[in-house]
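Data block for model_30.cif (mmCIF, C-alpha atoms):
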data_query
#
loop_
_atom_site.label_atom_id
_atom_site.label_comp_id
_atom_site.auth_asym_id
_atom_site.auth_seq_id
_atom_site.Cartn_x
_atom_site.Cartn_y
_atom_site.Cartn_z
CA MET A 28 90.94 67.58 119.03
CA GLU A 29 92.57 69.09 115.92
CA THR A 30 95.61 71.35 116.35
CA ASN A 31 93.67 74.37 115.06
CA GLN A 32 90.96 73.91 117.73
CA TYR A 33 93.56 73.90 120.52
CA LEU A 34 94.87 77.21 119.18
CA ILE A 35 91.43 78.76 118.76
CA ASP A 36 90.46 77.82 122.31
CA TYR A 37 93.76 79.12 123.73
CA TYR A 38 93.97 82.46 121.95
CA SER A 39 90.26 83.19 122.37
CA ASN A 40 90.92 83.37 126.13
CA TYR A 41 94.47 84.81 126.18
CA ASP A 42 95.49 88.47 126.24
CA GLU A 43 98.35 88.42 123.74
CA ASP A 44 98.55 92.24 123.70
CA SER A 45 99.38 92.33 127.42
CA ARG A 46 102.19 89.79 127.03
CA LEU A 47 104.06 92.11 124.70
CA THR A 48 103.31 95.38 126.52
CA LYS A 49 104.52 94.52 130.04
CA LYS A 50 108.07 95.80 130.51
CA CYS A 51 109.68 92.34 130.56
CA GLY A 52 107.51 91.32 127.58
CA THR A 53 108.66 94.33 125.59
CA VAL A 54 112.22 92.93 125.49
CA GLU A 55 111.17 90.34 122.91
CA PHE A 56 109.11 92.91 120.98
CA LEU A 57 111.77 95.64 121.00
CA THR A 58 114.51 93.19 120.01
CA THR A 59 112.51 91.81 117.09
CA MET A 60 111.52 95.31 115.94
CA ARG A 61 115.15 96.43 116.15
CA TYR A 62 116.12 93.73 113.63
CA ILE A 63 113.11 94.31 111.39
CA GLU A 64 113.92 98.02 111.23
CA LYS A 65 117.53 97.18 110.38
CA TYR A 66 116.35 95.82 107.02
CA LEU A 67 113.30 97.96 106.22
CA LYS A 68 113.62 100.40 103.32
CA PRO A 69 111.23 103.16 102.23
CA GLY A 70 108.40 101.70 100.16
CA ASP A 71 108.89 98.12 101.36
CA ARG A 72 105.89 95.79 101.46
CA VAL A 73 105.53 93.69 104.60
CA LEU A 74 103.66 90.43 105.14
CA GLU A 75 102.99 89.07 108.61
CA ILE A 76 101.91 85.43 108.67
CA GLY A 77 100.21 84.48 111.93
CA ALA A 78 99.85 88.11 112.94
CA GLY A 79 97.96 87.48 116.16
CA THR A 80 96.38 90.71 117.37
CA GLY A 81 98.71 92.77 115.21
CA ARG A 82 101.34 94.15 117.58
CA TYR A 83 104.05 94.03 114.90
CA SER A 84 101.80 94.70 111.91
CA HIS A 85 100.32 97.85 113.45
CA ALA A 86 103.69 99.12 114.66
CA LEU A 87 105.05 98.89 111.12
CA ALA A 88 101.91 100.30 109.47
CA ARG A 89 102.11 103.29 111.82
CA GLN A 90 105.62 103.92 110.55
CA GLY A 91 104.14 104.24 107.06
CA TYR A 92 104.79 100.78 105.65
CA SER A 93 102.22 98.83 103.65
CA VAL A 94 101.38 95.69 105.65
CA ASP A 95 99.32 92.63 104.76
CA ALA A 96 98.52 90.23 107.58
CA ILE A 97 97.30 86.63 107.71
CA GLU A 98 95.82 85.16 110.90
CA LEU A 99 94.14 81.85 111.68
CA VAL A 100 92.14 82.70 114.83
CA GLU A 101 88.97 84.76 114.37
CA HIS A 102 89.22 86.26 117.89
CA ASN A 103 92.69 87.62 117.09
CA ILE A 104 91.39 89.06 113.82
CA GLU A 105 88.63 90.92 115.67
CA VAL A 106 91.16 92.44 118.09
CA PHE A 107 93.49 93.24 115.15
CA ARG A 108 90.71 95.19 113.43
CA LYS A 109 89.82 97.06 116.63
CA ASN A 110 93.47 98.10 116.96
CA THR A 111 93.62 99.50 113.43
CA LEU A 112 93.95 103.29 113.26
CA GLU A 113 92.73 105.52 110.48
CA GLY A 114 95.42 106.01 107.86
CA GLU A 115 97.18 102.67 108.34
CA HIS A 116 97.94 100.93 105.04
CA ILE A 117 97.09 97.51 106.42
CA SER A 118 94.95 94.50 105.58
CA ILE A 119 94.03 91.37 107.54
CA ALA A 120 92.70 88.09 106.12
CA GLN A 121 91.98 84.74 107.71
CA GLY A 122 94.39 82.06 106.55
CA ASN A 123 96.78 79.27 107.40
CA ALA A 124 100.58 79.53 107.29
CA LEU A 125 100.73 76.15 105.53
CA ASP A 126 98.78 77.37 102.50
CA LEU A 127 99.25 80.90 101.20
CA SER A 128 97.99 79.99 97.72
CA ASP A 129 95.91 83.18 97.58
CA LEU A 130 99.20 85.13 97.54
CA ALA A 131 101.41 85.33 94.47
CA GLU A 132 105.10 84.56 94.74
CA ASN A 133 107.82 87.21 95.03
CA GLN A 134 105.57 89.95 96.46
CA TYR A 135 107.04 91.05 99.78
CA ASP A 136 110.29 92.69 100.87
CA ILE A 137 109.92 91.62 104.52
CA THR A 138 108.02 88.51 105.61
CA LEU A 139 107.34 87.86 109.29
CA LEU A 140 106.64 84.32 110.51
CA LEU A 141 106.64 85.18 114.19
CA GLY A 142 104.01 82.79 115.54
CA PRO A 143 103.06 79.82 113.35
CA LEU A 144 106.21 77.78 114.06
CA TYR A 145 105.26 77.81 117.75
CA HIS A 146 102.33 75.55 116.89
CA LEU A 147 103.58 73.18 114.17
CA TYR A 148 104.71 69.77 115.39
CA THR A 149 106.14 67.92 112.40
CA GLU A 150 109.20 68.70 110.31
CA GLU A 151 107.03 68.52 107.20
CA ASP A 152 104.60 71.17 108.46
CA LYS A 153 107.35 73.47 109.71
CA GLN A 154 109.20 73.27 106.40
CA GLN A 155 105.96 73.86 104.51
CA ALA A 156 105.31 77.06 106.47
CA ILE A 157 108.87 78.25 105.84
CA ARG A 158 108.60 77.25 102.17
CA GLU A 159 105.43 79.33 101.77
CA ALA A 160 107.03 82.32 103.51
CA ILE A 161 110.01 82.10 101.18
CA ARG A 162 107.79 81.71 98.09
CA VAL A 163 105.88 84.96 98.66
CA THR A 164 109.05 86.92 99.48
CA LYS A 165 110.94 88.77 96.75
CA PRO A 166 114.44 87.60 95.81
CA GLY A 167 116.71 89.56 98.13
CA GLY A 168 113.88 89.87 100.67
CA ILE A 169 114.23 89.03 104.35
CA ILE A 170 112.27 86.43 106.32
CA PHE A 171 111.97 86.42 110.13
CA ALA A 172 111.02 83.04 111.64
CA ALA A 173 110.41 82.81 115.40
CA TYR A 174 110.57 79.75 117.66
CA VAL A 175 109.94 78.80 121.28
CA ILE A 176 113.20 77.49 122.75
CA SER A 177 113.03 74.47 125.03
CA ASP A 178 115.88 75.19 127.46
CA GLY A 179 114.68 78.68 128.34
CA CYS A 180 111.18 77.35 128.96
CA LEU A 181 112.44 74.38 130.98
CA LEU A 182 114.66 76.57 133.17
CA ASN A 183 112.03 79.25 133.72
CA GLU A 184 108.72 77.37 133.78
CA GLY A 185 110.18 74.23 135.34
CA PHE A 186 113.08 74.88 137.66
CA ASN A 187 112.47 78.59 138.33
CA ARG A 188 108.68 79.02 138.59
CA SER A 189 107.55 75.39 139.05
CA ASN A 190 104.73 75.89 136.57
CA ILE A 191 105.63 72.47 135.20
CA ASN A 192 106.84 69.42 137.12
CA VAL A 193 110.08 68.44 135.37
CA ALA A 194 110.20 64.94 136.94
CA GLU A 195 106.61 64.32 135.86
CA TYR A 196 107.37 65.51 132.31
CA ILE A 197 110.30 63.07 132.19
CA ARG A 198 108.07 60.22 133.42
CA ASP A 199 105.46 61.11 130.78
CA GLY A 200 108.07 61.07 128.00
CA LEU A 201 107.79 64.80 127.28
CA ILE A 202 111.40 65.51 128.31
CA ASP A 203 114.30 63.22 127.42
CA PRO A 204 115.89 62.08 130.72
CA GLU A 205 119.43 62.21 129.28
CA THR A 206 119.47 65.27 127.00
CA PHE A 207 116.48 67.18 128.49
CA ALA A 208 115.23 67.85 124.95
CA ALA A 209 111.47 68.44 124.90
CA LYS A 210 108.86 66.53 122.93
CA SER A 211 105.70 68.50 122.20
CA GLN A 212 102.21 67.58 121.02
CA PRO A 213 99.33 69.81 119.84
CA LYS A 214 97.66 69.61 123.27
CA ASP A 215 100.85 71.13 124.76
CA LEU A 216 100.16 74.21 122.54
CA PHE A 217 103.81 75.11 122.00
CA GLU A 218 106.47 73.24 120.03
CA LEU A 219 109.74 73.50 121.95
CA VAL A 220 112.97 73.31 119.94
CA ARG A 221 116.69 73.94 120.18
CA LYS A 222 118.98 75.72 117.75
CA GLU A 223 120.25 72.42 116.34
CA ASP A 224 116.64 71.56 115.41
CA ILE A 225 116.30 74.87 113.60
CA ASP A 226 119.63 74.38 111.81
CA HIS A 227 118.43 70.96 110.62
CA LEU A 228 115.06 72.37 109.55
CA MET A 229 116.70 75.13 107.50
CA SER A 230 119.35 72.92 105.87
CA VAL A 231 117.06 72.12 102.90
CA PHE A 232 116.48 75.76 101.91
CA PRO A 233 118.77 77.80 99.61
CA VAL A 234 118.80 80.85 101.88
CA THR A 235 121.47 82.78 103.76
CA ARG A 236 121.20 83.24 107.51
CA LEU A 237 121.82 86.84 108.52
CA HIS A 238 121.18 86.58 112.26
CA TYR A 239 120.05 84.09 114.87
CA VAL A 240 118.81 86.07 117.86
CA ALA A 241 117.83 85.17 121.44
CA THR A 242 114.99 87.68 121.41
CA ASP A 243 114.15 87.74 125.12
CA GLY A 244 117.32 86.21 126.57
CA CYS A 245 117.06 86.11 130.37
CA ALA A 246 114.10 88.48 130.52
CA ARG A 247 111.51 85.82 131.34
CA PHE A 248 113.63 84.61 134.29
CA MET A 249 113.90 88.19 135.53
CA CYS A 250 110.36 89.37 134.83
CA GLU A 251 109.65 90.81 138.27
CA ALA A 252 113.04 92.51 138.49
CA ILE A 253 112.71 94.00 134.99
CA ASP A 254 109.17 95.23 135.58
CA ALA A 255 110.43 96.97 138.76
CA MET A 256 113.28 98.79 136.98
CA ASP A 257 113.15 102.54 136.53
CA ASN A 258 113.38 103.71 132.93
CA GLU A 259 117.09 104.51 133.10
CA THR A 260 117.97 101.04 134.44
CA PHE A 261 115.66 99.37 131.93
CA GLN A 262 117.34 101.20 129.04
CA LEU A 263 120.73 100.04 130.35
CA TYR A 264 119.42 96.47 130.57
CA LEU A 265 118.14 96.71 126.98
CA LYS A 266 121.56 97.95 125.84
CA TYR A 267 123.16 94.91 127.52
CA HIS A 268 120.61 92.58 125.94
CA PHE A 269 121.00 94.05 122.45
CA THR A 270 124.78 93.68 122.81
CA THR A 271 124.62 90.02 123.83
CA CYS A 272 121.53 88.57 122.09
CA GLU A 273 123.59 87.03 119.25
CA ARG A 274 126.42 85.75 121.45
CA GLU A 275 126.79 82.04 120.76
CA ASP A 276 127.40 81.13 124.40
CA LEU A 277 124.03 82.65 125.39
CA LEU A 278 121.77 81.62 122.50
CA GLY A 279 120.10 78.69 124.28
CA VAL A 280 119.17 80.68 127.37
CA THR A 281 116.03 82.32 126.00
CA ASN A 282 112.33 81.57 125.73
CA HIS A 283 112.09 82.83 122.16
CA ALA A 284 114.49 83.09 119.23
CA VAL A 285 114.20 84.50 115.74
CA ASP A 286 116.04 83.17 112.71
CA ILE A 287 116.58 85.91 110.12
CA PHE A 288 117.51 84.90 106.60
CA LEU A 289 117.86 86.26 103.08
CA LYS A 290 116.05 84.78 100.07
#

Whole structure given in structure tokens:
Amino acid sequence: METNQYLIDYYSNYDEDSRLTKKCGTVEFLTTMRYIEKYLKPGDRVLEIGAGTGRYSHALARQGYSVDAIELVEHNIEVFRKNTLEGEHISIAQGNALDLSDLAENQYDITLLLGPLYHLYTEEDKQQAIREAIRVTKPGGIIFAAYVISDGCLLNEGFNRSNINVAEYIRDGLIDPETFAAKSQPKDLFELVRKEDIDHLMSVFPVTRLHYVATDGCARFMCEAIDAMDNETFQLYLKYHFTTCEREDLLGVTNHAVDIFLK
């Protein structure tokens, strides 16, 4: 089965909106938005590549920004359109992060690549997606590239929740028995990486890293506790998370990370 078909089958039966609206899921969303808003300026044009159902695109359009979105999966596009409110300056087109040839270079002030790198399994494909994101971004523009981080997933899904059998994954060659680095294939749906993999991936590009952020930190480990927090406690937790999400000693303990860099 081709990689695209795995994705179409998965997202056609998955409620992506709910993942980002539950309290523990909002940690990733609120953290990413906090950094996007740090760099947004009045009149900026935004591109979201792999926009999913449009959680970020719509949030930005509702703040008055002009947003263009690209999405591969037709089901997600249908939900995206249903979520569009009157007055939003927003467009959605079907497309692939590896080929944005319909878009001219140097168009966008902010480019979001918050999903495609989850589902690309070769260095060549990942660099091609990043290369395309950089190409369509204006000089001086900012690119946000998100990843799924292997250690956070291993700790939470393996040792914490037992959703995966770590010993079995080692036997099947999906986890290195010495380093515990993960090896992913399209049928696994998500490409799991570490920061050193991202550093290597980015080493070929003439860009400047502004931030590397553990966007959900420990939130996925603490989902039940976070969802049970009252609003005051949750705001205090968010303040802690925002204060520590770039701390080098905590960067690997997260399910998701975003690399933010300047063209």

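Near (114.5, 71.8, 119.3), the residues inside the 8 Å limit, counting all atoms listed in the file, come to Ile176, Ser177, Ala208, Ala209, Leu219, Val220, Arg221, Lys222, Glu223, Asp224 and Ile225 of chain A.
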
Exercise. Which neighbours of Ile253 of chain A fall inside 12 Å, counting only C-alpha atoms, when residues of the same chain fewer than 5 positions from it are skipped, and could you give them as a VMD selection string?
Worked result: chain A and resid 49 to 54 243 245 to 248 258 to 265

For this session: Can you work out the spacing between atom CA of Gln154 of chain A and atom CA of Leu277 of chain A in Å, to one decimal?
Result: 25.9 Å

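Taking atom CA of Ala124 of chain A as the reference point, atom CA of Glu151 of chain A is found at 12.8 Å.
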
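If you count only C-alpha atoms and ignore residues fewer than 2 places along the chain from segment 268-274 of chain A, what sits within 8 Å of it is Thr58, His238, Tyr239, Val240, Ala241, Thr242, Gly244, Tyr264, Leu265, Lys266, Asp276, Leu277 and Leu278 of chain A.
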
Problem set entry | Between atom CA of Ser211 of chain A and atom CA of Ile169 of chain A, distance in Å (one decimal) | 28.5 Å

For this session: Name every residue that the PyMOL selection byres ((chain A and resi 156) around 9) selects in this structure, writing the answer as a PyMOL selection string with chains first and numbers rising.
Result: chain A and resi 123-127+140+143-144+147+151-155+157-161

Would you pick out the contacts of Glu105 of chain A at 8 Å or less, using only C-alpha atoms, so that residues sharing its chain but fewer than 4 positions from it are not included, and give the list as a PDB file with C-alpha atoms, in the coordinates of the input?
ATOM      1  CA  THR A  80      96.380  90.710 117.370  1.00  0.00           C
ATOM      2  CA  GLU A 101      88.970  84.760 114.370  1.00  0.00           C
ATOM      3  CA  LYS A 109      89.820  97.060 116.630  1.00  0.00           C
TER       4      LYS A 109
END

Translate the PyMOL selection byres ((chain A and resi 87) around 10) into a concrete residue list for this structure, as a short mmCIF file (atom, residue, chain, number, x, y, z; two decimals) with C-alpha atoms, keeping the file's coordinate frame.
data_model
loop_
_atom_site.label_atom_id
_atom_site.label_comp_id
_atom_site.auth_asym_id
_atom_site.auth_seq_id
_atom_site.Cartn_x
_atom_site.Cartn_y
_atom_site.Cartn_z
CA MET A 60 111.52 95.31 115.94
CA ILE A 63 113.11 94.31 111.39
CA GLU A 64 113.92 98.02 111.23
CA LEU A 67 113.30 97.96 106.22
CA VAL A 73 105.53 93.69 104.60
CA GLY A 81 98.71 92.77 115.21
CA ARG A 82 101.34 94.15 117.58
CA TYR A 83 104.05 94.03 114.90
CA SER A 84 101.80 94.70 111.91
CA HIS A 85 100.32 97.85 113.45
CA ALA A 86 103.69 99.12 114.66
CA ALA A 88 101.91 100.30 109.47
CA ARG A 89 102.11 103.29 111.82
CA GLN A 90 105.62 103.92 110.55
CA GLY A 91 104.14 104.24 107.06
CA TYR A 92 104.79 100.78 105.65
CA SER A 93 102.22 98.83 103.65
CA VAL A 94 101.38 95.69 105.65
CA GLU A 115 97.18 102.67 108.34
CA HIS A 116 97.94 100.93 105.04
CA ILE A 117 97.09 97.51 106.42
#

Seminar exercise, completed: Judged by all atoms listed in the file, the minimum distance to Tyr66 of chain A among A:Asp254, A:Asp136, A:Glu275, A:Asp226 is found for A:Asp136

For this session: Convert the output of the PyMOL selection byres ((chain A and resi 202) around 12) on the shown file into explicit residues, formatted as a ChimeraX atom specification.
Result: /A:177-178,180-181,185,191-201,203-212,219-220

For this session: Using all atoms listed in the file, determine which residues lie at most 9 Å from Pro233 of chain A, disregarding the query and same-chain residues fewer than 3 positions distant; provide the list as a count of residues only.
Result: 3
